[in-house]
>>> print(open('model-v6.cif').read())   # mmCIF, C-alpha atoms
data_upload
loop_
_atom_site.label_atom_id
_atom_site.label_comp_id
_atom_site.auth_asym_id
_atom_site.auth_seq_id
_atom_site.Cartn_x
_atom_site.Cartn_y
_atom_site.Cartn_z
CA MET A 27 20.46 47.66 0.62
CA ILE A 28 21.79 51.05 -0.44
CA PHE A 29 21.36 52.63 -3.84
CA LYS A 30 23.78 55.40 -4.73
CA ASN A 31 21.00 57.77 -5.68
CA LYS A 32 17.53 58.02 -7.15
CA GLN A 33 18.97 57.59 -10.65
CA THR A 34 20.40 54.17 -9.77
CA LEU A 35 17.08 53.15 -8.26
CA LYS A 36 15.27 54.38 -11.38
CA ARG A 37 17.60 52.32 -13.58
CA ALA A 38 16.91 49.21 -11.51
CA MET A 39 13.19 49.81 -11.84
CA MET A 40 13.52 50.30 -15.61
CA VAL A 41 15.24 46.91 -15.89
CA LEU A 42 12.26 45.36 -14.14
CA ILE A 43 9.81 47.22 -16.36
CA ILE A 44 11.62 45.99 -19.45
CA LEU A 45 12.00 42.39 -18.25
CA VAL A 46 8.43 41.88 -17.01
CA PRO A 47 6.86 41.85 -20.51
CA ILE A 48 9.56 39.44 -21.69
CA LEU A 49 8.92 37.19 -18.71
CA CYS A 50 5.16 37.32 -19.27
CA MET A 51 5.61 35.85 -22.74
CA ALA A 52 7.86 33.06 -21.46
CA ASP A 53 7.11 29.54 -20.40
CA TYR A 54 6.86 28.67 -16.75
CA VAL A 55 8.08 25.94 -14.42
CA PRO A 56 5.49 23.11 -14.29
CA GLY A 57 3.87 22.63 -10.90
CA VAL A 58 5.21 25.81 -9.30
CA VAL A 59 3.34 28.94 -8.19
CA LEU A 60 4.92 32.07 -6.77
CA ALA A 61 2.69 33.76 -4.22
CA ARG A 62 3.02 36.72 -1.91
CA LEU A 63 1.12 35.97 1.26
CA LYS A 64 0.11 38.19 4.13
CA ARG A 65 2.32 38.23 7.20
CA GLY A 66 1.60 35.35 9.57
CA VAL A 67 0.13 32.98 6.96
CA VAL A 68 3.32 30.92 6.76
CA GLU A 69 5.41 30.19 9.83
CA LEU A 70 8.68 28.43 9.17
CA PRO A 71 10.93 27.23 12.00
CA GLN A 72 13.71 29.67 12.92
CA GLY A 73 16.48 29.55 10.32
CA GLN A 74 14.46 27.40 7.90
CA THR A 75 13.52 28.56 4.39
CA GLU A 76 11.12 25.77 3.45
CA GLY A 77 8.40 23.64 4.93
CA ASP A 78 5.30 21.59 4.18
CA ILE A 79 1.55 22.09 4.54
CA GLU A 80 1.92 22.30 8.32
CA SER A 81 3.76 25.62 7.83
CA ILE A 82 0.46 27.23 6.74
CA LYS A 83 -1.19 28.97 9.68
CA GLY A 84 -4.27 31.11 10.07
CA ASN A 85 -6.78 30.63 7.26
CA GLN A 86 -7.96 27.02 7.54
CA ASN A 87 -9.81 27.25 4.21
CA LEU A 88 -6.57 28.17 2.43
CA LYS A 89 -4.75 25.34 4.18
CA ASN A 90 -7.47 22.87 3.17
CA TYR A 91 -7.37 24.09 -0.43
CA LEU A 92 -3.59 23.68 -0.64
CA THR A 93 -3.81 20.23 0.97
CA ASN A 94 -6.47 19.11 -1.51
CA GLY A 95 -4.52 20.74 -4.36
CA GLY A 96 -1.53 18.57 -3.55
CA LEU A 97 0.94 21.09 -2.12
CA ILE A 98 4.27 19.27 -1.78
CA LYS A 99 6.53 22.01 -0.44
CA ILE A 100 6.51 25.71 0.39
CA SER A 101 9.76 27.68 0.30
CA LYS A 102 10.89 31.28 0.47
CA VAL A 103 11.86 32.76 -2.88
CA PHE A 104 14.14 35.40 -1.36
CA ARG A 105 15.81 33.33 1.34
CA ARG A 106 18.03 36.06 2.77
CA PHE A 107 15.51 38.90 2.68
CA ASN A 108 14.44 40.15 6.12
CA VAL A 109 11.77 42.56 7.25
CA GLU A 110 14.55 45.07 7.96
CA ASP A 111 15.42 45.03 4.23
CA THR A 112 12.17 46.80 3.38
CA LEU A 113 13.71 50.12 4.38
CA MET A 114 16.40 51.26 1.98
CA GLN A 115 18.59 54.26 2.36
CA LEU A 116 19.76 56.10 -0.70
CA GLU A 117 23.23 57.61 -0.81
CA ASP A 118 21.72 61.07 -0.40
CA GLY A 119 20.28 59.96 2.95
CA GLN A 120 16.67 59.59 1.81
CA THR A 121 14.93 56.47 3.17
CA ILE A 122 12.43 54.60 1.02
CA LYS A 123 10.23 51.58 1.74
CA VAL A 124 10.12 48.63 -0.66
CA HIS A 125 7.93 45.52 -0.76
CA ASP A 126 8.62 42.88 1.87
CA LEU A 127 10.05 40.11 -0.31
CA SER A 128 10.30 37.77 2.70
CA LEU A 129 6.58 37.13 2.14
CA VAL A 130 7.04 35.72 -1.39
CA PHE A 131 6.86 31.92 -1.44
CA ARG A 132 7.33 29.16 -4.01
CA LEU A 133 4.46 26.69 -3.75
CA SER A 134 5.45 23.34 -5.28
CA PHE A 135 2.84 20.93 -6.60
CA ASP A 136 2.97 17.84 -8.80
CA PRO A 137 4.34 18.90 -12.22
CA ASN A 138 1.11 17.69 -13.88
CA THR A 139 -1.04 20.03 -11.77
CA ASN A 140 -3.02 22.65 -13.68
CA ILE A 141 -1.26 25.76 -12.37
CA GLU A 142 -3.74 28.18 -13.97
CA THR A 143 -6.56 26.66 -11.92
CA ILE A 144 -4.50 26.82 -8.72
CA ILE A 145 -3.62 30.48 -9.35
CA ASP A 146 -7.23 31.47 -10.11
CA SER A 147 -8.36 29.83 -6.87
CA LEU A 148 -5.55 31.31 -4.75
CA LYS A 149 -6.45 34.83 -5.88
CA ARG A 150 -9.85 34.44 -4.15
CA TYR A 151 -8.27 34.12 -0.69
CA SER A 152 -7.76 37.32 1.29
CA ASP A 153 -4.44 36.01 2.66
CA VAL A 154 -2.98 35.85 -0.86
CA ILE A 155 -1.71 39.20 -2.12
CA TYR A 156 -0.81 37.80 -5.54
CA ALA A 157 -0.14 34.47 -7.22
CA GLU A 158 1.53 33.80 -10.56
CA PRO A 159 3.43 31.07 -12.41
CA ASP A 160 7.18 30.78 -11.91
CA TYR A 161 8.08 32.21 -15.32
CA ILE A 162 11.22 31.12 -17.10
CA GLY A 163 12.89 34.26 -18.38
CA HIS A 164 14.97 34.34 -21.51
CA LEU A 165 17.43 37.19 -21.76
CA LEU A 166 17.93 38.65 -25.19
CA PHE A 167 21.28 40.10 -26.09
CA ILE A 168 21.48 43.47 -27.77
CA PRO A 169 24.93 45.00 -28.24
CA ASN A 170 26.03 47.81 -25.96
CA ASP A 171 27.18 49.84 -28.96
CA ASP A 172 25.93 53.43 -28.58
CA SER A 173 25.54 53.59 -32.36
CA PHE A 174 23.36 50.48 -32.59
CA PRO A 175 20.01 52.35 -32.60
CA ARG A 176 21.22 54.55 -35.48
CA GLN A 177 22.14 51.56 -37.64
CA TRP A 178 18.72 51.26 -39.22
CA ALA A 179 19.44 48.14 -41.26
CA LEU A 180 20.16 46.02 -38.18
CA ARG A 181 16.83 46.28 -36.38
CA GLN A 182 13.62 48.15 -37.12
CA ASN A 183 10.12 47.99 -35.72
CA ASN A 184 8.62 47.58 -39.19
CA ASP A 185 10.76 44.44 -39.72
CA CYS A 186 12.50 45.84 -42.83
CA ASP A 187 15.90 44.85 -41.52
CA ILE A 188 18.31 41.93 -41.29
CA ASN A 189 17.35 41.03 -37.69
CA ALA A 190 20.95 41.29 -36.53
CA ASP A 191 19.85 41.33 -32.89
CA LEU A 192 18.51 37.80 -33.28
CA ALA A 193 21.91 36.63 -34.49
CA TRP A 194 23.55 38.09 -31.39
CA ASP A 195 21.29 35.89 -29.26
CA ILE A 196 22.86 32.88 -30.98
CA GLU A 197 26.53 33.88 -31.32
CA THR A 198 28.38 36.51 -29.31
CA GLU A 199 31.87 35.01 -29.34
CA GLY A 200 34.43 34.94 -32.08
CA TYR A 201 34.90 38.59 -32.86
CA ASN A 202 38.41 37.65 -34.01
CA LYS A 203 37.16 34.96 -36.37
CA THR A 204 37.61 35.39 -40.08
CA GLU A 205 34.68 34.27 -42.12
CA LYS A 206 34.94 33.33 -45.77
CA VAL A 207 33.20 35.68 -48.09
CA ILE A 208 32.32 34.49 -51.56
CA LEU A 209 31.74 37.15 -54.13
CA LEU A 210 29.66 36.17 -57.13
CA ARG A 211 30.20 38.14 -60.33
#
>>> encode(input="model-v6.cif", output="structure tokens")
Amino acid sequence: MIFKNKQTLKRAMMVLIILVPILCMADYVPGVVLARLKRGVVELPQGQTEGDIESIKGNQNLKNYLTNGGLIKISKVFRRFNVEDTLMQLEDGQTIKVHDLSLVFRLSFDPNTNIETIIDSLKRYSDVIYAEPDYIGHLLFIPNDDSFPRQWALRQNNDCDINADLAWDIETEGYNKTEKVILLR
């Protein structure tokens, strides 16, 4: 993966920084945990992106816990990511190393499983780098108008505004529509 320059990379990182708090407030998929595991913990057959409990290798205690917890399926989150993708070259020739996303897995359990308990337990295993719910993100639309931040009546932090940004989340089409305006005298 090649970024044009450091500025493009910084912008991509800013998007993540902005979206993470939004995602943290969101709901999550029932019965699903996202976990980054150490290399060698999961071995999938060549060309496969998912497996069952038999795909767990190494730590027998972790395997036993997942078996008892009712693991149904384990699958790669980033199916096309390879170890080679961890090295990225910027347009200016600089090489940077990013996290190995091939080690992030979706662990599927029964939808009625208490995911918080599973996550708390997984974090105790040394083979688990992190574990978290599979958050459902909700994108919020804010206009790309450069003047929007200067239009103080549309959105303010002190909530003395008309919350126009919330309306844009509902309706973004129809800019050619004519609405009826009733003037009361």
>>> resolve_selection(input="model-v6.cif", expression="the PyMOL selection byres ((chain A and resi 85) around 10)", output="list in words")
Gly66, Val67, Ile82, Lys83, Gly84, Gln86, Asn87, Leu88, Lys89, Asn90, Tyr151, Ser152 and Asp153 of chain A
>>> axis_aligned_box(input="model-v6.cif", around="segment 54-66 of chain A", padding_each_side="6 Å", output="lines of an AutoDock Vina configuration file")
center_x = 4.1
center_y = 30.4
center_z = -3.6
size_x = 20.0
size_y = 27.6
size_z = 38.3
>>> residues_around(input="model-v6.cif", residues="Arg62 of chain A", least_positions_apart="6", cutoff="10 Å", atoms="all atoms listed in the file", output="list in words")
Lys102, Val103, Asp126, Leu127, Ser128, Leu129, Val130, Phe131, Arg132, Asp153, Val154, Ile155, Tyr156, Ala157 and Glu158 of chain A
>>> atom_distance(input="model-v6.cif", atom1="atom CA of Ala190 of chain A", atom2="atom CA of Asp172 of chain A")
15.3 Å
>>> residues_near_point(input="model-v6.cif", point="(1.8, 28.2, -1.9)", cutoff="9 Å", atoms="all atoms listed in the file", output="PyMOL selection string")
chain A and resi 58-63+79+82+92+97+99-101+131-135+148+157
>>> residues_around(input="model-v6.cif", residues="Trp178 of chain A", least_positions_apart="5", cutoff="10 Å", atoms="all atoms listed in the file", output="NGL selection string")
:A and (173 or 183 or 186-188)
>>> resolve_selection(input="model-v6.cif", expression="the PyMOL selection byres ((chain A and resi 110) around 12)", output="PyMOL selection string")
chain A and resi 27+106-109+111-115+122-128
>>> atom_distance(input="model-v6.cif", atom1="atom CA of Leu70 of chain A", atom2="atom CA of Ile98 of chain A")
14.9 Å
>>> atom_distance(input="model-v6.cif", atom1="atom CA of Asp53 of chain A", atom2="atom CA of Ser81 of chain A")
28.7 Å
>>> closest_residue(input="model-v6.cif", among="A:Glu76, A:Glu142, A:Glu117, A:Glu69", to="Phe104 of chain A", atoms="only C-alpha atoms")
A:Glu76
